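**Q** Dropping the structure in here first, questions after.
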Amino acid sequence: MTAPRIFFYVQHLLGIGHIARASRIANALVKDGFDVTVVTGGLPVPGFPGEGVKTVALPAVVASNAGFSGLADADGSPVGEDFLGTRRELLLEAFHAATPDVVIIEAFPFGRRQMRFELLPLLAAIEKAEPRPKLLSSVRDILQENRKAGRDAETAALVKEHFDAVLVHGDPDFVRLEDTFPLTAEIADRLRYTGLVAAPPAPEPTETFDIIASAGGGAVGAELIGAAKAAAALLPADLRWLLIAGPNLPEADFATLSQDAAPNVTLVRFRKDFPSLLRGAKVSISQAGYNTVCDLLRTECRAILIPFVAGGETEQTVRAERLRALGLADILPETGLTPDHVKEAVEKALAAPRRRTVSLDLDGAEKTAGIIRSMLDGNSKI
């Protein structure tokens with residue numbers, strides 16, 4: 001028998017969280033025996049989507065501002081209709097060439113509204129296909145709030161009209177979709193909670209640091225890393241610091257941060273062994289993105305979270321507050337962050353006991369593969 005074919009669309013616009021989570025899912029699908037094609041639409045990220053996964057790279061677009069309201073090309077120039085038309089045709093050609101049994105669209109229709117120019121035509125092509133593939137939405141557990149009037153109703157209508165299931169990559173004991181999506185009841189029959197999509201438990205670190213400050217993809221992390229670097233100078237010199245600036249931090253910002261670093265401070269753009277390093281660290285300072293938090297939940301490292309709030313973003317704040325309520329993290333505000341704030345939070349964390357491990361479901365990638373397998377085998381209501 002031929003392996004079931006998966007066509008997985010993922011568009012990351014600012015950070016690398018979306019492509020990282022999608023890649024973990026794609027890798028789990030490959031291990032489960034699926035033939036997986038991942039269509040990417042953002043800037044390339046080294047190491048993703050991973051081995052064994054077929055890829056189609058559309059001409060890249062990124063967010064042209066922190067509010068995600070516009071699109072720019074890889075050089076930062078606003079994109080025009082010709083550019084978007086080319087992308088749309090390439091996406092549709094890739095879909096027809098793949099003849100998939102299942103199409104997974106990451107974030108849409110709960111997010112990525114900017115990509116309707118190509119995703120609505122893709123939905124139309126799916127409906128016309130013979131046989132029609134199953135269509136799944138892949139979403140994180142916490143959605144952006146404060147959406148414009150009518151957006152939630154539009155989302156629910158698209159789900160009911162086109163999607164066979166919504167894969168919610170979270171543990172309902174931690175947060176439920178209805179906490180950030182008011183019309184969840186209208187699509188409740190489509191929901192499938194997969195658990196959090198965390199990486200497998202990391203091996204023991206080959207190098208240890210006391211404090212790790214990380215900025216995810218780095219596109220908006222210069223202030224966090226800068227505050228951590230300055231805080232290191234205010235704390236004992238025998239503490240080893242690792243600052244991970246992120247691959248997307250502008251080169252000028254990285255050069256500035258590299259100047260006058262203390263001997264106990266190591267600055268890098270990326271560490272592939274980041275999850276292992278967290279195992280050996282005493283304190284982590286980071287934003288509250290999905291993947292970073294999943295990595296933290298695999299460890300006993302004390303967490304200081306600085307949620308991203310630019311452009312009215314709410315998702316990271318909700319996640320951080322849930323973790324604080326469980327005694328799993330402290331929070332610092334992004335706005336007005338100072339080295340003294342970081343210093344005081346680190347001192348508090350160092351004085352606290354090692355954080356307890358949690359019982360949240362972190363095996364979402366493997367369970368996603370199992371859910372899709374059950375759907376195709378007819379063992380699901382869908």
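Chain identifiers are assigned as A, B, and so on, following the order in which chains appear in the structure tokens; residues are numbered from 1 within each chain, and ligands are numbered from 1 in order of appearance.
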What's around Ile16 (chain A) at 6 Å? Count only C-alpha atoms, leave out sequence neighbours fewer than 2 positions away in its own chain, and write the answer as a count of residues only.

**A** 3

**Q** Report as a PyMOL selection string all protein, DNA and RNA residues lying within 7 Å of region 323-339 of chain A, evaluated on only C-alpha atoms, omitting residues in the same chain fewer than 5 positions from it.

**A** chain A and resi 227-228+230-231+302-308+355

**Q** Save out the residues we just selected, all heavy atoms, as a compact mmCIF listing (two decimals), in the first residue's frame.

**A**
# COMPACT_ATOMS: atom_id res chain seq x y z
N ALA A 227 18.76 43.98 27.81
CA ALA A 227 18.50 44.11 29.25
C ALA A 227 19.17 42.98 30.02
O ALA A 227 19.71 43.18 31.12
CB ALA A 227 17.00 44.13 29.51
N ALA A 228 19.17 41.77 29.45
CA ALA A 228 19.83 40.65 30.11
C ALA A 228 21.34 40.85 30.16
O ALA A 228 21.98 40.58 31.19
CB ALA A 228 19.50 39.35 29.38
N ALA A 230 22.94 43.69 30.23
CA ALA A 230 23.24 44.72 31.24
C ALA A 230 23.02 44.18 32.65
O ALA A 230 23.76 44.53 33.58
CB ALA A 230 22.36 45.94 30.99
N ALA A 231 22.02 43.33 32.84
CA ALA A 231 21.77 42.76 34.16
C ALA A 231 22.93 41.86 34.59
O ALA A 231 23.26 41.80 35.79
CB ALA A 231 20.47 41.97 34.14
N ARG A 302 13.94 27.44 36.27
CA ARG A 302 13.05 28.52 36.70
C ARG A 302 12.87 29.50 35.54
O ARG A 302 13.85 29.91 34.92
CB ARG A 302 13.62 29.23 37.91
CG ARG A 302 14.00 28.29 39.06
CD ARG A 302 14.75 29.05 40.14
NE ARG A 302 15.38 28.17 41.10
CZ ARG A 302 16.64 27.76 41.04
NH1 ARG A 302 17.41 28.13 40.02
NH2 ARG A 302 17.14 26.98 41.97
N ALA A 303 11.64 29.89 35.28
CA ALA A 303 11.34 30.69 34.09
C ALA A 303 10.96 32.12 34.46
O ALA A 303 10.11 32.34 35.33
CB ALA A 303 10.21 30.04 33.30
N ILE A 304 11.57 33.07 33.76
CA ILE A 304 11.18 34.48 33.79
C ILE A 304 10.67 34.80 32.39
O ILE A 304 11.43 34.73 31.42
CB ILE A 304 12.35 35.40 34.16
CG1 ILE A 304 12.89 35.06 35.54
CG2 ILE A 304 11.93 36.87 34.08
CD1 ILE A 304 14.23 35.73 35.86
N LEU A 305 9.40 35.12 32.27
CA LEU A 305 8.78 35.33 30.97
C LEU A 305 8.51 36.81 30.74
O LEU A 305 8.03 37.51 31.63
CB LEU A 305 7.47 34.54 30.87
CG LEU A 305 7.60 33.02 31.02
CD1 LEU A 305 6.23 32.37 30.97
CD2 LEU A 305 8.50 32.43 29.94
N ILE A 306 8.81 37.27 29.53
CA ILE A 306 8.58 38.66 29.12
C ILE A 306 7.70 38.59 27.87
O ILE A 306 8.20 38.54 26.74
CB ILE A 306 9.92 39.38 28.84
CG1 ILE A 306 10.83 39.29 30.07
CG2 ILE A 306 9.67 40.83 28.45
CD1 ILE A 306 12.25 39.76 29.82
N PRO A 307 6.38 38.56 28.04
CA PRO A 307 5.49 38.33 26.90
C PRO A 307 5.59 39.44 25.85
O PRO A 307 5.69 40.63 26.18
CB PRO A 307 4.09 38.31 27.53
CG PRO A 307 4.31 38.04 28.98
CD PRO A 307 5.64 38.66 29.31
N PHE A 308 5.53 39.03 24.59
CA PHE A 308 5.52 39.96 23.45
C PHE A 308 4.14 40.61 23.36
O PHE A 308 3.12 39.91 23.28
CB PHE A 308 5.84 39.17 22.19
CG PHE A 308 5.77 39.96 20.90
CD1 PHE A 308 6.60 41.04 20.69
CD2 PHE A 308 4.88 39.60 19.90
CE1 PHE A 308 6.55 41.76 19.50
CE2 PHE A 308 4.81 40.30 18.71
CZ PHE A 308 5.66 41.39 18.51
N ARG A 355 12.13 24.37 39.96
CA ARG A 355 10.71 24.32 39.63
C ARG A 355 10.26 22.87 39.50
O ARG A 355 10.96 22.02 38.96
CB ARG A 355 10.48 25.07 38.31
CG ARG A 355 9.02 25.15 37.92
CD ARG A 355 8.85 25.93 36.64
NE ARG A 355 9.58 25.36 35.51
CZ ARG A 355 9.24 24.24 34.88
NH1 ARG A 355 8.20 23.55 35.28
NH2 ARG A 355 9.95 23.81 33.87

**Q** Have a look at A:Leu249, A:Ala233, A:Leu296, A:Ala352 and name the one nearest to Ala281 (chain A); count only C-alpha atoms.

**A**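 Closest residue, counting only C-alpha atoms: A:Leu296.
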
**Q** Tell me which protein, DNA and RNA residues are within 10 Å of Ala245 (chain A), counting only C-alpha atoms, leaving out same-chain ones fewer than 4 positions away, and put them as a list in words.

**A**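 So the residues in contact are Ala213, Ser214, Ala215, Gly216, Gly217, Gly218, Ala219, Val220, Gly221, Ala222, Leu224, Ile225, Gly226, Leu249, Pro250, Asp253, Phe254, Leu257, Leu267, Val268, Arg269, Phe270 and Arg271 of chain A.
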
**Q** Selected residues, all heavy atoms, written as a compact mmCIF listing (two decimals), in the first residue's frame, please.

**A**
# COMPACT_ATOMS: atom_id res chain seq x y z
N ALA A 213 19.29 33.62 28.44
CA ALA A 213 18.31 34.57 27.92
C ALA A 213 18.17 34.32 26.43
O ALA A 213 19.17 34.30 25.70
CB ALA A 213 18.75 36.00 28.18
N SER A 214 16.95 34.12 25.97
CA SER A 214 16.74 33.78 24.57
C SER A 214 15.62 34.62 23.99
O SER A 214 14.68 35.00 24.68
CB SER A 214 16.39 32.29 24.43
OG SER A 214 15.24 31.96 25.19
N ALA A 215 15.74 34.90 22.68
CA ALA A 215 14.78 35.78 22.01
C ALA A 215 14.06 35.08 20.87
O ALA A 215 13.60 35.73 19.93
CB ALA A 215 15.49 37.03 21.50
N GLY A 216 13.93 33.75 20.93
CA GLY A 216 13.23 33.03 19.87
C GLY A 216 13.87 33.30 18.52
O GLY A 216 15.09 33.22 18.36
N GLY A 217 13.04 33.67 17.53
CA GLY A 217 13.58 33.99 16.22
C GLY A 217 14.44 35.24 16.22
O GLY A 217 15.30 35.41 15.37
N GLY A 218 14.19 36.14 17.18
CA GLY A 218 15.04 37.30 17.34
C GLY A 218 14.59 38.56 16.62
O GLY A 218 15.21 39.62 16.79
N ALA A 219 13.52 38.47 15.82
CA ALA A 219 13.11 39.64 15.06
C ALA A 219 12.74 40.81 15.96
O ALA A 219 12.86 41.97 15.58
CB ALA A 219 11.93 39.28 14.15
N VAL A 220 12.28 40.51 17.17
CA VAL A 220 11.86 41.58 18.09
C VAL A 220 12.52 41.40 19.46
O VAL A 220 11.98 41.83 20.47
CB VAL A 220 10.32 41.61 18.25
CG1 VAL A 220 9.67 42.06 16.96
CG2 VAL A 220 9.79 40.24 18.66
N GLY A 221 13.71 40.80 19.50
CA GLY A 221 14.29 40.44 20.78
C GLY A 221 15.45 41.29 21.26
O GLY A 221 16.07 40.97 22.29
N ALA A 222 15.79 42.37 20.56
CA ALA A 222 16.99 43.13 20.92
C ALA A 222 16.91 43.71 22.33
O ALA A 222 17.89 43.68 23.08
CB ALA A 222 17.22 44.25 19.90
N LEU A 224 15.15 42.64 24.96
CA LEU A 224 15.25 41.59 25.97
C LEU A 224 16.71 41.17 26.16
O LEU A 224 17.20 41.10 27.30
CB LEU A 224 14.39 40.39 25.54
CG LEU A 224 14.27 39.21 26.48
CD1 LEU A 224 12.97 38.43 26.18
CD2 LEU A 224 15.45 38.23 26.38
N ILE A 225 17.40 40.91 25.06
CA ILE A 225 18.80 40.47 25.16
C ILE A 225 19.67 41.60 25.72
O ILE A 225 20.57 41.36 26.53
CB ILE A 225 19.32 40.01 23.79
CG1 ILE A 225 18.50 38.80 23.29
CG2 ILE A 225 20.80 39.65 23.87
CD1 ILE A 225 18.58 37.58 24.17
N GLY A 226 19.40 42.83 25.31
CA GLY A 226 20.17 43.95 25.83
C GLY A 226 19.99 44.13 27.32
O GLY A 226 20.96 44.39 28.06
N LEU A 249 17.51 38.42 14.29
CA LEU A 249 17.88 39.72 14.86
C LEU A 249 18.69 40.50 13.83
O LEU A 249 19.64 39.97 13.25
CB LEU A 249 18.71 39.54 16.12
CG LEU A 249 19.10 40.83 16.85
CD1 LEU A 249 17.90 41.38 17.61
CD2 LEU A 249 20.26 40.60 17.81
N PRO A 250 18.31 41.76 13.55
CA PRO A 250 19.08 42.54 12.58
C PRO A 250 20.57 42.57 12.90
O PRO A 250 20.96 42.64 14.07
CB PRO A 250 18.45 43.93 12.69
CG PRO A 250 17.04 43.66 13.13
CD PRO A 250 17.14 42.49 14.06
N ASP A 253 21.91 45.24 15.23
CA ASP A 253 21.61 45.02 16.64
C ASP A 253 22.54 43.97 17.24
O ASP A 253 23.00 44.11 18.38
CB ASP A 253 20.15 44.57 16.82
CG ASP A 253 19.16 45.68 16.52
OD1 ASP A 253 19.53 46.86 16.63
OD2 ASP A 253 18.01 45.35 16.16
N PHE A 254 22.82 42.92 16.48
CA PHE A 254 23.72 41.88 16.98
C PHE A 254 25.12 42.44 17.19
O PHE A 254 25.78 42.12 18.20
CB PHE A 254 23.76 40.70 16.01
CG PHE A 254 24.49 39.50 16.53
CD1 PHE A 254 23.88 38.62 17.40
CD2 PHE A 254 25.81 39.25 16.16
CE1 PHE A 254 24.55 37.51 17.89
CE2 PHE A 254 26.50 38.15 16.64
CZ PHE A 254 25.86 37.28 17.51
N LEU A 257 25.15 44.45 20.40
CA LEU A 257 25.14 43.59 21.58
C LEU A 257 26.48 42.91 21.80
O LEU A 257 26.85 42.59 22.94
CB LEU A 257 24.04 42.54 21.44
CG LEU A 257 22.60 43.03 21.56
CD1 LEU A 257 21.63 41.94 21.10
CD2 LEU A 257 22.29 43.43 23.01
N LEU A 267 27.47 35.38 23.81
CA LEU A 267 26.40 35.80 22.91
C LEU A 267 26.46 35.00 21.62
O LEU A 267 27.51 34.93 20.97
CB LEU A 267 26.52 37.30 22.59
CG LEU A 267 25.56 37.85 21.53
CD1 LEU A 267 24.12 37.84 22.04
CD2 LEU A 267 25.98 39.26 21.11
N VAL A 268 25.35 34.38 21.23
CA VAL A 268 25.26 33.62 19.99
C VAL A 268 23.92 33.95 19.32
O VAL A 268 23.02 34.51 19.94
CB VAL A 268 25.35 32.09 20.23
CG1 VAL A 268 26.69 31.72 20.84
CG2 VAL A 268 24.20 31.60 21.11
N ARG A 269 23.80 33.58 18.07
CA ARG A 269 22.52 33.75 17.38
C ARG A 269 21.60 32.56 17.60
O ARG A 269 20.37 32.72 17.69
CB ARG A 269 22.75 33.95 15.88
CG ARG A 269 23.12 35.37 15.50
CD ARG A 269 22.93 35.57 14.01
NE ARG A 269 23.13 36.95 13.60
CZ ARG A 269 22.20 37.88 13.63
NH1 ARG A 269 20.98 37.59 14.09
NH2 ARG A 269 22.45 39.11 13.23
N PHE A 270 22.16 31.37 17.66
CA PHE A 270 21.34 30.16 17.67
C PHE A 270 22.12 29.04 18.32
O PHE A 270 23.34 28.95 18.16
CB PHE A 270 20.94 29.79 16.23
CG PHE A 270 19.99 28.63 16.11
CD1 PHE A 270 18.66 28.78 16.43
CD2 PHE A 270 20.44 27.39 15.67
CE1 PHE A 270 17.77 27.71 16.32
CE2 PHE A 270 19.56 26.32 15.55
CZ PHE A 270 18.22 26.49 15.89
N ARG A 271 21.42 28.20 19.08
CA ARG A 271 22.01 26.97 19.59
C ARG A 271 21.04 25.83 19.34
O ARG A 271 19.93 25.82 19.85
CB ARG A 271 22.29 27.09 21.10
CG ARG A 271 23.49 27.93 21.48
CD ARG A 271 24.82 27.26 21.16
NE ARG A 271 25.07 26.04 21.90
CZ ARG A 271 26.00 25.92 22.86
NH1 ARG A 271 26.77 26.96 23.18
NH2 ARG A 271 26.17 24.77 23.47

**Q** Find the residues around Ser64 (chain A) up to 10 Å (only C-alpha atoms counted), leave out those fewer than 6 positions away in its own chain, and share them as a tab-separated table (two decimals) with all heavy atoms, in the first residue's frame.

**A**
chain	number	residue	atom	x	y	z
A	13	LEU	N	5.48	34.55	9.65
A	13	LEU	CA	5.61	35.94	9.21
A	13	LEU	C	6.64	36.74	10.01
A	13	LEU	O	7.20	37.71	9.51
A	13	LEU	CB	4.26	36.65	9.31
A	13	LEU	CG	3.20	36.21	8.30
A	13	LEU	CD1	1.85	36.81	8.65
A	13	LEU	CD2	3.60	36.59	6.88
A	14	LEU	N	6.87	36.36	11.28
A	14	LEU	CA	7.78	37.14	12.11
A	14	LEU	C	8.80	36.24	12.79
A	14	LEU	O	9.97	36.24	12.46
A	14	LEU	CB	6.98	37.95	13.13
A	14	LEU	CG	7.79	38.92	14.02
A	14	LEU	CD1	8.48	39.98	13.14
A	14	LEU	CD2	6.88	39.58	15.04
A	70	GLY	N	0.47	44.04	7.16
A	70	GLY	CA	0.97	44.14	5.79
A	70	GLY	C	1.98	43.05	5.49
A	70	GLY	O	2.50	42.40	6.39
A	71	LEU	N	2.25	42.85	4.21
A	71	LEU	CA	3.21	41.84	3.78
A	71	LEU	C	4.34	42.49	3.00
A	71	LEU	O	4.12	43.43	2.22
A	71	LEU	CB	2.53	40.79	2.88
A	71	LEU	CG	1.43	39.94	3.52
A	71	LEU	CD1	0.79	39.04	2.45
A	71	LEU	CD2	1.97	39.11	4.67
A	72	ALA	N	5.54	41.98	3.22
A	72	ALA	CA	6.72	42.44	2.49
A	72	ALA	C	7.47	41.23	1.96
A	72	ALA	O	7.29	40.11	2.44
A	72	ALA	CB	7.62	43.27	3.40
A	73	ASP	N	8.32	41.47	0.94
A	73	ASP	CA	9.12	40.36	0.43
A	73	ASP	C	10.37	40.17	1.28
A	73	ASP	O	10.55	40.83	2.31
A	73	ASP	CB	9.46	40.58	-1.04
A	73	ASP	CG	10.33	41.82	-1.29
A	73	ASP	OD1	10.96	42.32	-0.33
A	73	ASP	OD2	10.38	42.28	-2.45
A	76	GLY	N	12.20	43.19	2.35
A	76	GLY	CA	11.46	44.19	3.12
A	76	GLY	C	10.61	45.13	2.31
A	76	GLY	O	10.01	46.06	2.86
A	77	SER	N	10.52	44.91	0.99
A	77	SER	CA	9.71	45.78	0.14
A	77	SER	C	8.26	45.29	0.11
A	77	SER	O	8.01	44.09	0.04
A	77	SER	CB	10.27	45.79	-1.30
A	77	SER	OG	11.62	46.21	-1.31
A	78	PRO	N	7.29	46.20	0.14
A	78	PRO	CA	5.88	45.80	0.07
A	78	PRO	C	5.63	44.97	-1.19
A	78	PRO	O	6.18	45.26	-2.26
A	78	PRO	CB	5.13	47.13	0.02
A	78	PRO	CG	6.06	48.12	0.66
A	78	PRO	CD	7.44	47.68	0.28
A	79	VAL	N	4.81	43.95	-1.07
A	79	VAL	CA	4.56	43.07	-2.21
A	79	VAL	C	3.37	43.57	-3.01
A	79	VAL	O	2.43	44.15	-2.47
A	79	VAL	CB	4.30	41.62	-1.74
A	79	VAL	CG1	5.55	41.04	-1.12
A	79	VAL	CG2	3.14	41.54	-0.75

**Q** Using DSSP secondary structure from the backbone, list all strand (DSSP E or B) positions within region 77-291 of chain A, as number ranges by chain.

**A** A: 78, 102-106, 134-140, 165-169, 191-193, 197, 211-214, 241-244, 265-268, 283-286

**Q** Distance CA of Glu321 (chain A)-CA of Arg279 (chain A), one decimal place?

**A**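 That distance, rounded to one decimal, is 22.6 Å.
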